[in-house]
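A.B. asks: As input, take target.cif (mmCIF, C-alpha atoms):
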data_start
#
loop_
_atom_site.label_atom_id
_atom_site.label_comp_id
_atom_site.auth_asym_id
_atom_site.auth_seq_id
_atom_site.Cartn_x
_atom_site.Cartn_y
_atom_site.Cartn_z
CA MET A 26 161.68 -8.27 181.91
CA ALA A 27 158.49 -7.88 180.10
CA GLN A 28 158.64 -8.74 176.46
CA HIS A 29 155.90 -6.38 175.48
CA GLN A 30 156.19 -3.05 177.08
CA VAL A 31 152.85 -1.49 177.86
CA ASN A 32 152.44 2.16 177.11
CA TYR A 33 150.03 3.11 179.80
CA THR A 34 149.21 6.47 178.31
CA LYS A 35 148.14 5.15 174.92
CA ASP A 36 144.93 3.42 173.82
CA GLY A 37 144.67 -0.08 175.25
CA GLY A 38 146.72 0.81 178.27
CA LEU A 39 145.20 1.74 181.55
CA PRO A 40 141.75 3.34 181.34
CA VAL A 41 143.34 6.70 181.83
CA MET A 42 143.33 9.60 179.48
CA LEU A 43 145.55 12.60 179.85
CA THR A 44 144.36 15.95 178.73
CA THR A 45 144.17 19.55 179.75
CA VAL A 46 141.37 21.24 181.61
CA ASP A 47 140.76 23.46 178.62
CA HIS A 48 140.26 20.47 176.40
CA LEU A 49 137.95 18.75 178.79
CA ILE A 50 135.76 21.76 179.40
CA ASN A 51 135.64 22.74 175.75
CA TRP A 52 134.78 19.17 174.84
CA GLY A 53 131.83 19.36 177.17
CA ARG A 54 130.77 22.77 176.01
CA SER A 55 131.08 22.08 172.31
CA ASN A 56 129.10 18.86 172.50
CA SER A 57 126.26 20.21 174.56
CA MET A 58 125.36 23.50 172.93
CA TRP A 59 121.85 24.24 174.06
CA PHE A 60 120.04 26.52 171.67
CA LEU A 61 117.64 29.22 172.72
CA THR A 62 114.59 28.92 170.50
CA TYR A 63 114.47 32.26 168.81
CA GLY A 64 112.24 31.84 165.80
CA LEU A 65 111.27 35.29 164.58
CA ALA A 66 110.12 34.55 161.03
CA CYS A 67 110.29 31.97 158.27
CA CYS A 68 113.89 30.94 159.13
CA ALA A 69 112.36 29.39 162.22
CA ILE A 70 110.72 26.79 159.97
CA GLU A 71 114.16 25.69 158.77
CA MET A 72 115.44 25.78 162.33
CA MET A 73 112.58 23.51 163.38
CA ALA A 74 113.30 21.23 160.44
CA SER A 75 116.92 20.98 161.60
CA GLY A 76 115.73 19.98 165.02
CA ALA A 77 113.32 17.35 163.73
CA SER A 78 114.16 13.74 162.98
CA ARG A 79 115.27 14.04 159.35
CA TYR A 80 118.20 16.34 160.09
CA ASP A 81 118.37 15.36 163.76
CA PHE A 82 120.16 18.15 165.55
CA ASP A 83 120.27 16.19 168.78
CA ARG A 84 123.27 14.21 167.57
CA PHE A 85 125.37 17.37 167.96
CA GLY A 86 124.19 17.58 171.53
CA THR A 87 122.06 20.59 170.79
CA ILE A 88 118.76 20.80 172.56
CA PHE A 89 116.36 23.67 172.06
CA ARG A 90 115.51 25.36 175.31
CA ALA A 91 112.72 27.86 175.85
CA SER A 92 114.53 29.78 178.57
CA PRO A 93 117.59 32.00 178.20
CA ARG A 94 118.84 30.84 181.61
CA GLN A 95 119.37 27.33 180.28
CA ALA A 96 120.71 28.20 176.85
CA ASP A 97 124.25 28.65 175.52
CA VAL A 98 123.63 29.58 171.91
CA MET A 99 121.11 32.05 170.58
CA VAL A 100 120.01 31.34 167.01
CA VAL A 101 118.41 34.52 165.73
CA ALA A 102 116.19 32.98 163.06
CA GLY A 103 114.31 35.70 161.25
CA THR A 104 113.64 39.39 160.88
CA LEU A 105 114.39 41.51 163.91
CA THR A 106 112.11 44.52 164.12
CA LYS A 107 113.09 47.68 165.94
CA LYS A 108 110.28 47.15 168.39
CA HIS A 109 111.73 43.78 169.32
CA ALA A 110 115.39 44.84 169.47
CA GLU A 111 115.12 45.74 173.14
CA PHE A 112 113.92 42.26 174.03
CA ILE A 113 116.57 40.36 172.08
CA ARG A 114 119.20 42.33 173.98
CA ARG A 115 117.47 41.58 177.27
CA LEU A 116 117.31 37.85 176.50
CA TYR A 117 120.94 37.89 175.43
CA ASP A 118 121.89 39.52 178.71
CA GLN A 119 119.91 36.92 180.62
CA MET A 120 121.84 34.05 179.06
CA THR A 121 124.62 32.73 181.27
CA GLU A 122 128.24 32.94 180.21
CA PRO A 123 129.74 31.54 178.06
CA LYS A 124 127.31 32.31 175.27
CA TRP A 125 127.36 32.47 171.50
CA VAL A 126 125.12 33.88 168.80
CA ILE A 127 124.31 32.50 165.36
CA SER A 128 122.67 35.01 163.04
CA MET A 129 120.55 32.91 160.70
CA GLY A 130 119.45 34.19 157.33
CA SER A 131 119.66 37.43 155.38
CA CYS A 132 117.23 39.33 157.57
CA ALA A 133 119.17 38.70 160.74
CA ASN A 134 122.50 39.36 158.99
CA THR A 135 121.74 42.64 157.26
CA GLY A 136 118.03 43.33 157.40
CA GLY A 137 117.73 41.46 154.10
CA MET A 138 114.98 42.58 151.81
CA PHE A 139 113.37 44.62 154.57
CA ASN A 140 115.18 47.84 153.81
CA THR A 141 112.62 49.81 155.79
CA TYR A 142 112.17 52.00 158.83
CA ALA A 143 110.95 49.19 161.09
CA THR A 144 113.69 46.56 160.68
CA VAL A 145 117.03 46.39 162.44
CA GLN A 146 119.67 46.31 159.72
CA GLY A 147 121.56 43.36 161.11
CA VAL A 148 121.37 41.94 164.63
CA ASP A 149 125.05 42.78 165.11
CA ARG A 150 123.89 46.34 165.80
CA VAL A 151 122.37 45.02 169.01
CA ILE A 152 124.21 41.86 170.08
CA PRO A 153 127.64 40.44 169.16
CA VAL A 154 127.39 37.71 166.52
CA ASP A 155 129.70 34.71 166.15
CA ILE A 156 128.48 33.14 162.94
CA TYR A 157 126.51 34.63 160.09
CA LEU A 158 124.51 32.20 157.96
CA PRO A 159 123.76 33.28 154.42
CA GLY A 160 120.54 32.24 152.74
CA CYS A 161 116.90 33.13 152.57
CA ALA A 162 116.08 30.91 154.30
CA PRO A 163 119.23 28.80 154.91
CA ARG A 164 118.78 25.07 154.43
CA PRO A 165 119.03 22.87 157.53
CA GLU A 166 122.43 21.70 156.26
CA THR A 167 123.65 25.27 156.52
CA LEU A 168 122.56 25.46 160.12
CA GLN A 169 124.26 22.14 160.78
CA TYR A 170 127.47 23.41 159.23
CA ALA A 171 127.18 26.53 161.37
CA ALA A 172 126.81 24.38 164.46
CA MET A 173 129.91 22.42 163.47
CA LEU A 174 131.88 25.59 162.83
CA LEU A 175 130.75 26.92 166.18
CA GLN A 176 131.91 23.68 167.81
CA GLN A 177 135.32 24.21 166.22
CA LYS A 178 135.35 27.76 167.45
CA ILE A 179 134.48 26.71 170.99
CA ARG A 180 137.23 24.07 171.00
CA ARG A 181 139.79 26.67 169.96
CA GLU A 182 138.79 29.03 172.74
CA ARG A 183 140.34 29.13 176.17
CA ALA A 184 137.98 27.68 178.71
CA PHE A 185 138.64 30.34 181.30
CA LYS A 186 138.74 33.56 179.40
CA LYS A 187 138.14 37.03 180.62
CA LEU A 188 134.50 37.86 180.34
CA PRO A 189 133.63 41.05 178.52
CA LYS A 190 131.77 43.70 180.42
CA LYS A 191 128.03 43.43 180.25
CA ARG A 192 125.72 46.29 179.63
CA LEU A 193 122.13 45.84 180.66
CA VAL A 194 119.24 47.48 178.90
CA MET B 28 92.15 46.03 130.21
CA ARG B 29 95.65 46.85 129.18
CA GLU B 30 96.14 46.61 125.44
CA TYR B 31 97.83 43.48 124.19
CA ARG B 32 101.42 43.70 123.09
CA PRO B 33 103.35 40.91 121.36
CA LYS B 34 105.79 39.34 123.81
CA LYS B 35 108.26 37.77 121.40
CA ASP B 36 111.11 40.18 122.06
CA VAL B 37 110.06 41.02 125.59
CA GLN B 38 113.42 40.04 127.09
CA LYS B 39 115.30 42.50 124.96
CA LYS B 40 113.31 45.40 126.30
CA SER B 41 113.49 47.08 129.62
CA TYR B 42 110.84 46.30 132.18
CA TYR B 43 109.01 49.52 132.70
CA ARG B 44 107.94 50.65 129.31
CA ASP B 45 104.62 51.85 130.63
CA ARG B 46 106.09 54.08 133.21
CA PHE B 47 103.44 56.73 132.94
CA TYR B 48 100.59 54.36 132.27
CA VAL B 49 97.46 55.51 134.02
CA ALA B 50 95.09 52.74 134.94
CA PRO B 51 91.52 53.31 133.75
CA GLN B 52 89.00 54.33 136.38
CA VAL B 53 86.50 51.81 137.55
CA PRO B 54 83.13 52.83 136.03
CA ARG B 55 80.74 54.45 138.46
CA GLU B 56 77.06 53.73 138.10
CA LYS B 57 74.44 56.19 139.16
CA ILE B 58 71.88 55.01 141.66
CA GLU B 59 68.49 55.21 140.05
CA GLU B 60 65.10 53.85 140.90
CA GLY B 61 65.20 50.07 140.72
CA SER B 62 68.81 49.79 141.89
CA ARG B 63 69.23 47.50 144.86
CA PHE B 64 70.88 50.31 146.78
CA PHE B 65 68.18 52.88 146.02
CA ASP B 66 66.28 52.51 149.29
CA ASP B 67 69.46 52.59 151.36
CA VAL B 68 70.67 55.82 149.80
CA LYS B 69 67.22 57.38 150.03
CA SER B 70 66.85 56.67 153.72
CA LEU B 71 70.43 57.78 154.39
CA GLY B 72 69.82 60.99 152.44
CA SER B 73 66.72 61.80 154.43
CA LYS B 74 68.64 61.61 157.71
CA PHE B 75 72.12 62.86 156.88
CA GLU B 76 73.87 65.07 154.39
CA VAL B 77 75.09 62.78 151.58
CA LYS B 78 77.66 64.54 149.43
CA ASP B 79 77.86 61.91 146.73
CA SER B 80 76.79 58.33 146.15
CA TYR B 81 77.41 55.84 143.36
CA VAL B 82 77.92 52.13 142.75
CA GLU B 83 81.37 50.72 142.02
CA ILE B 84 81.61 47.00 141.10
CA ASN B 85 78.31 46.20 142.83
CA GLN B 86 79.37 48.09 145.93
CA LEU B 87 77.65 51.14 147.26
CA VAL B 88 79.91 54.12 147.90
CA VAL B 89 78.53 56.94 150.01
CA ILE B 90 80.46 60.09 150.83
CA VAL B 91 79.30 61.86 153.95
CA GLU B 92 80.44 64.64 156.29
CA SER B 93 83.14 63.57 158.74
CA SER B 94 81.24 65.19 161.64
CA SER B 95 78.30 62.83 161.20
CA ILE B 96 80.27 59.60 160.75
CA PHE B 97 79.38 58.14 164.14
CA GLU B 98 75.64 58.52 163.50
CA VAL B 99 75.94 57.31 159.90
CA ILE B 100 77.74 54.11 160.89
CA GLY B 101 75.24 53.53 163.69
CA TYR B 102 72.35 54.06 161.28
CA MET B 103 73.90 51.70 158.72
CA LYS B 104 74.28 49.05 161.39
CA ASN B 105 70.97 49.33 163.21
CA SER B 106 68.53 50.46 160.53
CA LEU B 107 70.03 49.27 157.24
CA SER B 108 71.38 45.96 158.64
CA TYR B 109 74.97 46.43 157.53
CA ASP B 110 76.08 44.37 160.46
CA ILE B 111 79.78 43.80 159.72
CA LEU B 112 82.56 46.35 159.51
CA ASN B 113 85.13 44.59 157.34
CA GLU B 114 87.78 47.21 157.39
CA MET B 115 88.42 50.83 158.07
CA SER B 116 91.44 52.99 157.58
CA ALA B 117 92.60 56.23 156.01
CA ILE B 118 94.25 57.33 152.78
CA ASP B 119 96.80 60.11 152.78
CA TYR B 120 95.75 63.03 150.54
CA VAL B 121 97.61 65.66 152.53
CA ALA B 122 99.62 66.95 149.58
CA LYS B 123 96.64 66.83 147.20
CA CYS B 124 93.79 68.21 149.28
CA GLY B 125 95.22 68.86 152.75
CA GLY B 126 93.69 65.94 154.60
CA PHE B 127 92.77 62.29 154.75
CA GLU B 128 90.03 60.20 153.29
CA ILE B 129 88.65 57.77 155.84
CA PHE B 130 86.75 54.77 154.60
CA TYR B 131 84.55 52.21 156.31
CA GLN B 132 83.96 49.00 154.37
CA MET B 133 80.72 47.35 155.49
CA LEU B 134 78.85 44.16 154.68
CA SER B 135 75.28 43.15 155.20
CA LEU B 136 74.93 39.39 155.53
CA SER B 137 71.13 39.37 155.53
CA THR B 138 70.81 41.30 152.28
CA THR B 139 74.26 40.35 150.84
CA LYS B 140 75.20 43.91 150.05
CA ARG B 141 78.46 45.72 150.49
CA ALA B 142 78.83 49.42 151.15
CA ARG B 143 81.70 51.81 151.61
CA ILE B 144 81.22 54.94 153.67
CA LYS B 145 83.79 57.62 152.97
CA CYS B 146 84.47 60.95 154.53
CA PHE B 147 87.13 63.59 154.22
CA LEU B 148 88.99 64.79 157.27
CA LYS B 149 91.28 67.80 157.33
CA GLU B 150 94.79 67.40 158.67
CA GLY B 151 95.00 67.87 162.44
CA GLU B 152 91.34 67.11 163.06
CA ALA B 153 90.05 64.10 164.97
CA ILE B 154 87.30 61.71 163.98
CA GLU B 155 84.63 60.24 166.21
CA SER B 156 85.36 56.66 167.18
CA VAL B 157 82.92 54.01 165.99
CA SER B 158 84.28 51.36 168.32
CA SER B 159 81.10 51.45 170.40
CA HIS B 160 79.23 50.30 167.28
CA PHE B 161 81.81 47.77 166.14
CA ARG B 162 84.37 46.25 168.48
CA CYS B 163 86.71 45.56 165.57
CA ALA B 164 87.02 49.29 164.95
CA ASP B 165 88.93 49.51 168.22
CA TRP B 166 92.14 48.11 166.75
CA SER B 167 91.57 49.60 163.30
CA GLU B 168 91.37 53.07 164.80
CA ARG B 169 94.48 52.43 166.84
CA GLU B 170 96.24 51.37 163.66
CA MET B 171 94.95 54.47 161.89
CA TYR B 172 96.34 56.61 164.70
CA ASP B 173 99.63 54.71 164.60
CA MET B 174 100.12 54.92 160.85
CA PHE B 175 98.59 58.32 160.03
CA GLY B 176 98.35 60.22 163.30
CA ILE B 177 94.58 60.59 163.10
CA ARG B 178 93.10 60.49 166.57
CA ALA B 179 89.69 59.01 167.30
CA ASN B 180 87.62 60.81 169.92
CA ASN B 181 86.00 58.72 172.67
CA HIS B 182 88.20 55.74 171.86
CA PRO B 183 88.66 53.44 174.90
CA TYR B 184 92.44 53.02 174.46
CA MET B 185 94.02 55.47 172.04
CA LYS B 186 97.50 54.05 171.84
CA ARG B 187 99.86 52.86 169.13
CA ILE B 188 99.27 49.29 168.05
CA LEU B 189 102.09 48.31 165.67
CA MET B 190 104.98 50.62 166.35
CA PRO B 191 106.55 50.93 169.82
CA ASP B 192 104.86 53.33 172.22
CA ASP B 193 107.80 55.72 172.24
CA TRP B 194 107.98 55.93 168.45
CA GLU B 195 108.03 59.31 166.75
CA GLY B 196 106.29 59.88 163.46
CA HIS B 197 103.56 58.08 161.58
CA PRO B 198 105.04 55.71 158.99
CA LEU B 199 102.24 55.42 156.44
CA LEU B 200 102.20 59.15 155.72
CA LYS B 201 103.49 59.86 152.25
CA THR B 202 105.96 62.34 153.71
CA TYR B 203 107.55 59.65 155.91
CA PRO B 204 110.77 58.30 154.35
CA LEU B 205 110.70 54.55 153.64
CA GLN B 206 114.05 53.96 155.31
CA GLY B 207 113.07 56.00 158.33
CA ASP B 208 113.92 59.44 159.63
CA GLU B 209 116.82 60.06 161.99
CA PHE B 210 114.84 58.91 165.01
CA ALA B 211 113.92 55.62 163.34
CA GLN B 212 117.43 54.92 162.09
CA TRP B 213 118.95 55.23 165.56
CA TYR B 214 115.97 53.90 167.49
CA GLU B 215 117.39 50.59 168.71
CA VAL B 216 120.83 52.03 169.46
CA ASP B 217 119.40 54.97 171.40
CA LYS B 218 117.09 52.76 173.36
CA ILE B 219 119.46 49.94 174.25
CA PHE B 220 122.84 51.61 174.55
CA GLY B 221 122.10 55.31 174.73
CA LYS B 222 122.83 58.15 172.35
CA GLU B 223 126.52 58.21 173.24
CA TYR B 224 126.92 54.81 171.59
CA ARG B 225 125.91 56.06 168.15
CA GLU B 226 129.52 56.51 167.17
CA VAL B 227 130.48 53.05 168.41
CA VAL B 228 127.76 51.22 166.52
CA GLY B 229 127.87 53.42 163.44
CA PRO B 230 125.17 54.27 160.92
CA GLU B 231 123.02 51.63 159.25
CA ASN B 232 124.23 50.18 155.99
CA ARG B 233 121.28 50.66 153.67
CA ASP B 234 122.99 49.56 150.49
CA GLY B 235 121.66 46.09 149.83
CA ALA B 236 124.20 45.43 147.09
CA MET B 237 127.22 46.41 149.18
CA ILE B 238 129.90 43.75 149.08
CA ASP B 239 133.36 44.62 150.31
CA ARG B 240 135.61 42.07 148.74
CA TYR B 241 138.42 42.75 151.23
CA ASP B 242 136.30 42.86 154.36
CA THR B 243 137.25 39.77 156.34
CA LYS B 244 135.22 40.77 159.37
CA ARG B 245 131.76 40.36 157.94
CA PHE B 246 132.22 38.32 154.78
CA SER B 247 133.27 34.72 154.99
CA ARG B 248 134.93 32.97 152.13
CA ILE B 249 134.25 29.27 152.31
CA GLY B 250 137.22 27.40 150.88
CA HIS B 251 139.43 30.46 151.36
CA GLU B 252 139.11 30.98 155.06
CA VAL B 253 141.36 33.45 156.81
CA GLU B 254 141.60 34.82 160.32
CA TYR B 255 139.06 37.37 161.49
CA GLY B 256 140.07 40.78 160.29
CA ALA B 257 143.14 39.54 158.38
CA SER B 258 144.30 41.54 155.38
CA ILE B 259 143.77 39.80 152.03
CA ASP B 260 144.92 42.56 149.73
CA LEU B 261 147.50 40.20 148.24
CA GLY B 262 145.04 37.36 147.72
CA GLU B 263 143.77 34.69 150.06
CA PRO B 264 144.99 31.13 150.49
CA ASP B 265 143.06 28.04 149.44
CA THR B 266 141.94 26.04 152.43
CA ASN B 267 140.39 22.64 152.28
CA LEU B 268 136.92 22.36 153.62
CA LYS B 269 137.21 20.53 156.89
CA TYR B 270 134.34 19.41 158.97
CA GLN B 271 136.63 18.16 161.71
CA GLU B 272 139.79 19.54 163.16
CA GLU B 273 143.13 18.17 162.04
CA LYS B 274 144.26 16.82 165.38
CA GLY B 275 140.89 15.33 166.14
CA VAL B 276 138.52 16.06 168.94
CA PHE B 277 138.97 14.87 172.48
CA LEU B 278 137.13 11.57 172.97
CA ILE B 279 135.62 11.72 169.48
CA LYS B 280 136.93 9.56 166.68
CA LYS B 281 137.83 11.26 163.47
CA LEU B 282 135.98 10.00 160.47
CA LYS B 283 138.34 8.59 157.88
CA PRO B 284 137.14 8.95 154.31
CA GLU B 285 138.56 5.53 153.33
CA ILE B 286 136.50 3.65 155.89
CA SER B 287 133.30 5.49 155.20
CA LYS B 288 130.89 3.78 152.86
CA GLU B 289 128.77 5.46 150.29
CA LEU B 290 125.48 3.86 149.50
CA GLU B 291 124.70 3.55 145.81
CA LYS B 292 121.06 2.98 146.42
CA ARG B 293 118.65 3.82 149.16
CA LYS B 294 117.64 0.86 151.21
#
Could you write out this structure as structure tokens?
C.D. replies:
Amino acid sequence: MAQHQVNYTKDGGLPVMLTTVDHLINWGRSNSMWFLTYGLACCAIEMMASGASRYDFDRFGTIFRASPRQADVMVVAGTLTKKHAEFIRRLYDQMTEPKWVISMGSCANTGGMFNTYATVQGVDRVIPVDIYLPGCAPRPETLQYAAMLLQQKIRRERAFKKLPKKRLV
Amino acid sequence: MREYRPKKDVQKKSYYRDRFYVAPQVPREKIEEGSRFFDDVKSLGSKFEVKDSYVEINQLVVIVESSSIFEVIGYMKNSLSYDILNEMSAIDYVAKCGGFEIFYQMLSLSTTKRARIKCFLKEGEAIESVSSHFRCADWSEREMYDMFGIRANNHPYMKRILMPDDWEGHPLLKTYPLQGDEFAQWYEVDKIFGKEYREVVGPENRDGAMIDRYDTKRFSRIGHEVEYGASIDLGEPDTNLKYQEEKGVFLIKKLKPEISKELEKRK
């Protein structure tokens, strides 16, 4: 009779960890969010600053990719003009599922100070948005917080959810 | 110069006291014998019909007929050595005089003189393109067509340059609304989703100061977070700011505040 019973499912037991598939997949997804570089205006400077060494976005597992085929998260950083609206939708459609969108800054949220004929009054008129970042331009900390909130959102989601219908341009 | 006003109590007053202030005109000097522009105007006048000419802030201004603009610009470039076209565009005077004023800002590097050629063009007429004299006029004329709807004859590529090709209207006209006409307001929805989606997407919100306190779909409340679309008519709960989930994250250790160390000084 063993004096000290070993709980094999706890830490220090066997090198085995029990979890659900949802947890495992969401863990992978939330810690490897690859951003599509989408710098449209001055918010892109803050986005680049977040990616650089001082704020070091890589520790969240986010890597900026230049192709929508390799990206999971689109960060719309800047003013979206009406001429460009078609292309943002096309790039969004080219991203593989699952995909998320962060709308960064006042211009992307609502059109901001560009209350004119040529600016889309909020990217949510064109693509579905998960997180809106306030600020003009938001500090890198704000983008970090948005990434962390998005991680929380991804972990809450079901890994195998029904995909919404796509509509191509 | 605007007259000086004491600014001691300036914060108590409203901003736009001089609402109907009319800025003084820049003085126009006549071109007489001895002026550095005299020879230029004389030789221009002998070749073309010069309606008016004067000097404004050391710059020659010549007003000519719009039908002769191609020859005038060519003469300025080849004979009078104004070898750079800095800028050209139009000014909307449709309501005032039924047309546009088109200006060509030119610079002569060899004689360090600047000149502005102006002409008046009636609405609906086209101007002769000067892009064969100056390559930079190519894009300027395209911009002029895009913004004002003034076509340039014999232009190599008369197409919009700033707005999309399928755009309707010319935005720099004074009659064009700043926030866009109906076509502009629905442009991206019509193009991407189709006109039948107008009702789904809804009209643009053009009120920059609009804040709906009870809208939980578009307005977040940090520290008082609620579910998406939840009703908060009866007030919202306080929620602690959490950077990590309560139960922790799979394979990731939760940071405990008591074991974290705060540095008093930078190393």
A.B. asks: Write out as a tab-separated table a residue-level contact list of chain B versus chain A with cut-off 10 Å: for each qualifying residue the closest pair of atoms and the distance in Å to one decimal, counting all atoms listed in the file, rows sorted by chain and residue number upward.
C.D. replies:
residue	atom	partner	partner_atom	distance
B:Leu189	CA	A:Lys108	CA	8.7
B:Met190	CA	A:Lys108	CA	6.7
B:Pro191	CA	A:Lys108	CA	5.5
B:Asp192	CA	A:Lys108	CA	9.1
B:Asp193	CA	A:Lys108	CA	9.7
B:Trp194	CA	A:Lys108	CA	9.1
B:Pro198	CA	A:Tyr142	CA	8.0
B:Tyr203	CA	A:Tyr142	CA	9.4
B:Pro204	CA	A:Tyr142	CA	7.9
B:Leu205	CA	A:Thr141	CA	5.5
B:Gln206	CA	A:Thr141	CA	4.4
B:Gly207	CA	A:Tyr142	CA	4.1
B:Asp208	CA	A:Tyr142	CA	7.7
B:Glu209	CA	A:Tyr142	CA	9.8
B:Phe210	CA	A:Tyr142	CA	9.6
B:Ala211	CA	A:Tyr142	CA	6.0
B:Gln212	CA	A:Tyr142	CA	6.8
B:Trp213	CA	A:Lys107	CA	9.6
B:Tyr214	CA	A:Lys107	CA	7.0
B:Glu215	CA	A:Lys107	CA	5.9
B:Val216	CA	A:Val151	CA	7.2
B:Lys218	CA	A:Glu111	CA	7.3
B:Ile219	CA	A:Val194	CA	5.3
B:Phe220	CA	A:Val194	CA	7.0
B:Gly221	CA	A:Val194	CA	9.3
B:Val227	CA	A:Arg150	CA	9.8
B:Val228	CA	A:Arg150	CA	6.3
B:Gly229	CA	A:Arg150	CA	8.5
B:Pro230	CA	A:Arg150	CA	9.4
B:Glu231	CA	A:Gln146	CA	6.3
B:Asn232	CA	A:Gln146	CA	7.0
B:Arg233	CA	A:Asn140	CA	6.7
B:Asp234	CA	A:Asn140	CA	8.7
B:Gly235	CA	A:Gly137	CA	7.4
B:Arg245	CA	A:Tyr157	CA	8.1
B:Phe246	CA	A:Tyr157	CA	8.6
B:Ser247	CA	A:Tyr157	CA	8.5
B:Lys269	CA	A:Leu174	CA	9.4
B:Tyr270	CA	A:Met173	CA	7.0
B:Gln271	CA	A:Gln177	CA	7.7
B:Glu272	CA	A:Gln177	CA	7.2
B:Val276	CA	A:Trp52	CA	7.6
B:Phe277	CA	A:Trp52	CA	6.5
B:Leu278	CA	A:Trp52	CA	8.2
B:Ile279	CA	A:Trp52	CA	9.2
A.B. asks: Residues at most 10 Å from A:Arg164, counting only C-alpha atoms, excluding those fewer than 2 positions away in the same chain, as an MDAnalysis selection string?
C.D. replies: chainID A and resid 68 70:72 74:75 130 158:162 166:169
A.B. asks: List the spatial neighbours of A:Phe185 as a ChimeraX atom specification - criterion: any atom at most 10 Å away, all atoms listed in the file, same-chain residues fewer than 5 positions off excluded.
C.D. replies: /A:46-47,50-51,123
A.B. asks: Can you translate the PyMOL selection byres ((chain B and resi 110-124) around 9) into the concrete residues it hits in this file, as JSON, numbers by chain?
C.D. replies: {"B": [103, 104, 105, 107, 108, 109, 125, 126, 127, 128, 129, 130, 131, 132, 133, 134, 135, 136, 137, 149, 150, 161, 163, 164, 167, 168, 170, 171, 175, 177, 199, 200, 201, 202]}
A.B. asks: Interatomic distance between atom CA of B:Ile188 and atom CA of A:Gly64?
C.D. replies: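 Those two atoms sit 21.9 Å apart.
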A.B. asks: Quick check, in Å to one decimal: how far apart do atom CA of B:Tyr31 and atom CA of B:Ile84 lie?
C.D. replies: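 These two atoms are separated by 23.7 Å.
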A.B. asks: Exactly which residues make up the result of the PyMOL selection byres ((chain B and resi 81) around 7) on this file, given as an MDAnalysis selection string?
C.D. replies: chainID B and resid 55:58 79:80 82:83 87:89
A.B. asks: As a ChimeraX atom specification, please: the residues near B:Ile90 (cut-off 6 Å, only C-alpha atoms, same-chain neighbours under 2 positions excluded).
C.D. replies: /B:78-79,144-146
A.B. asks: Applied to the shown file, which residues does the PyMOL selection byres ((chain B and resi 29) around 9) return, written as a VMD selection string?
C.D. replies: chain B and resid 28 30 to 32 50 to 51
A.B. asks: Just C-alpha atoms for this one: save the residues we selected as a PDB file, keeping the file's coordinate frame.
C.D. replies:
ATOM      1  CA  MET B  28      92.150  46.030 130.210  1.00  0.00           C
ATOM      2  CA  GLU B  30      96.140  46.610 125.440  1.00  0.00           C
ATOM      3  CA  TYR B  31      97.830  43.480 124.190  1.00  0.00           C
ATOM      4  CA  ARG B  32     101.420  43.700 123.090  1.00  0.00           C
ATOM      5  CA  ALA B  50      95.090  52.740 134.940  1.00  0.00           C
ATOM      6  CA  PRO B  51      91.520  53.310 133.750  1.00  0.00           C
TER       7      PRO B  51
END
A.B. asks: Quick one, how far is atom CA of A:Ile88 from atom CA of A:Thr62?
C.D. replies: 9.4 Å
A.B. asks: Taking all atoms of stretch 114-119 of chain A that the file lists, what box with edges along x, y and z, padded by 6 Å per side, do you get, with centre and edge lengths in Å to one decimal, as JSON?
C.D. replies:
{"center_x": 119.6, "center_y": 39.6, "center_z": 177.3, "size_x": 16.6, "size_y": 17.4, "size_z": 18.6}
A.B. asks: Which polymer residues have any atom within 12 Å of an atom of A:Ala91, counting only C-alpha atoms, with same-chain residues fewer than 3 positions away left out, as a CSV table (one decimal) with C-alpha atoms, keeping the file's coordinate frame?
C.D. replies:
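Written out: selection.csv:
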chain,number,residue,atom,x,y,z
A,59,TRP,CA,121.8,24.2,174.1
A,60,PHE,CA,120.0,26.5,171.7
A,61,LEU,CA,117.6,29.2,172.7
A,62,THR,CA,114.6,28.9,170.5
A,63,TYR,CA,114.5,32.3,168.8
A,64,GLY,CA,112.2,31.8,165.8
A,88,ILE,CA,118.8,20.8,172.6
A,94,ARG,CA,118.8,30.8,181.6
A,95,GLN,CA,119.4,27.3,180.3
A,96,ALA,CA,120.7,28.2,176.8
A,97,ASP,CA,124.2,28.6,175.5
A,98,VAL,CA,123.6,29.6,171.9
A,99,MET,CA,121.1,32.0,170.6
A,100,VAL,CA,120.0,31.3,167.0
A,116,LEU,CA,117.3,37.8,176.5
A,120,MET,CA,121.8,34.0,179.1
A.B. asks: Which residue out of A:Thr121, A:Ser78, A:Val148, A:Met73 has the minimum interatomic distance to A:Ser92 when all atoms listed in the file are used?
C.D. replies: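 Closest residue, counting all atoms listed in the file: A:Thr121.
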A.B. asks: Mind checking which residues fall within 12 Å of B:His182, counting all atoms listed in the file, ignoring those fewer than 6 positions away in the same chain, and posting them as JSON, numbers by chain?
C.D. replies: {"B": [97, 153, 154, 155, 156, 157, 158, 159, 160, 161, 162, 164, 165, 166, 167, 168, 169, 172]}
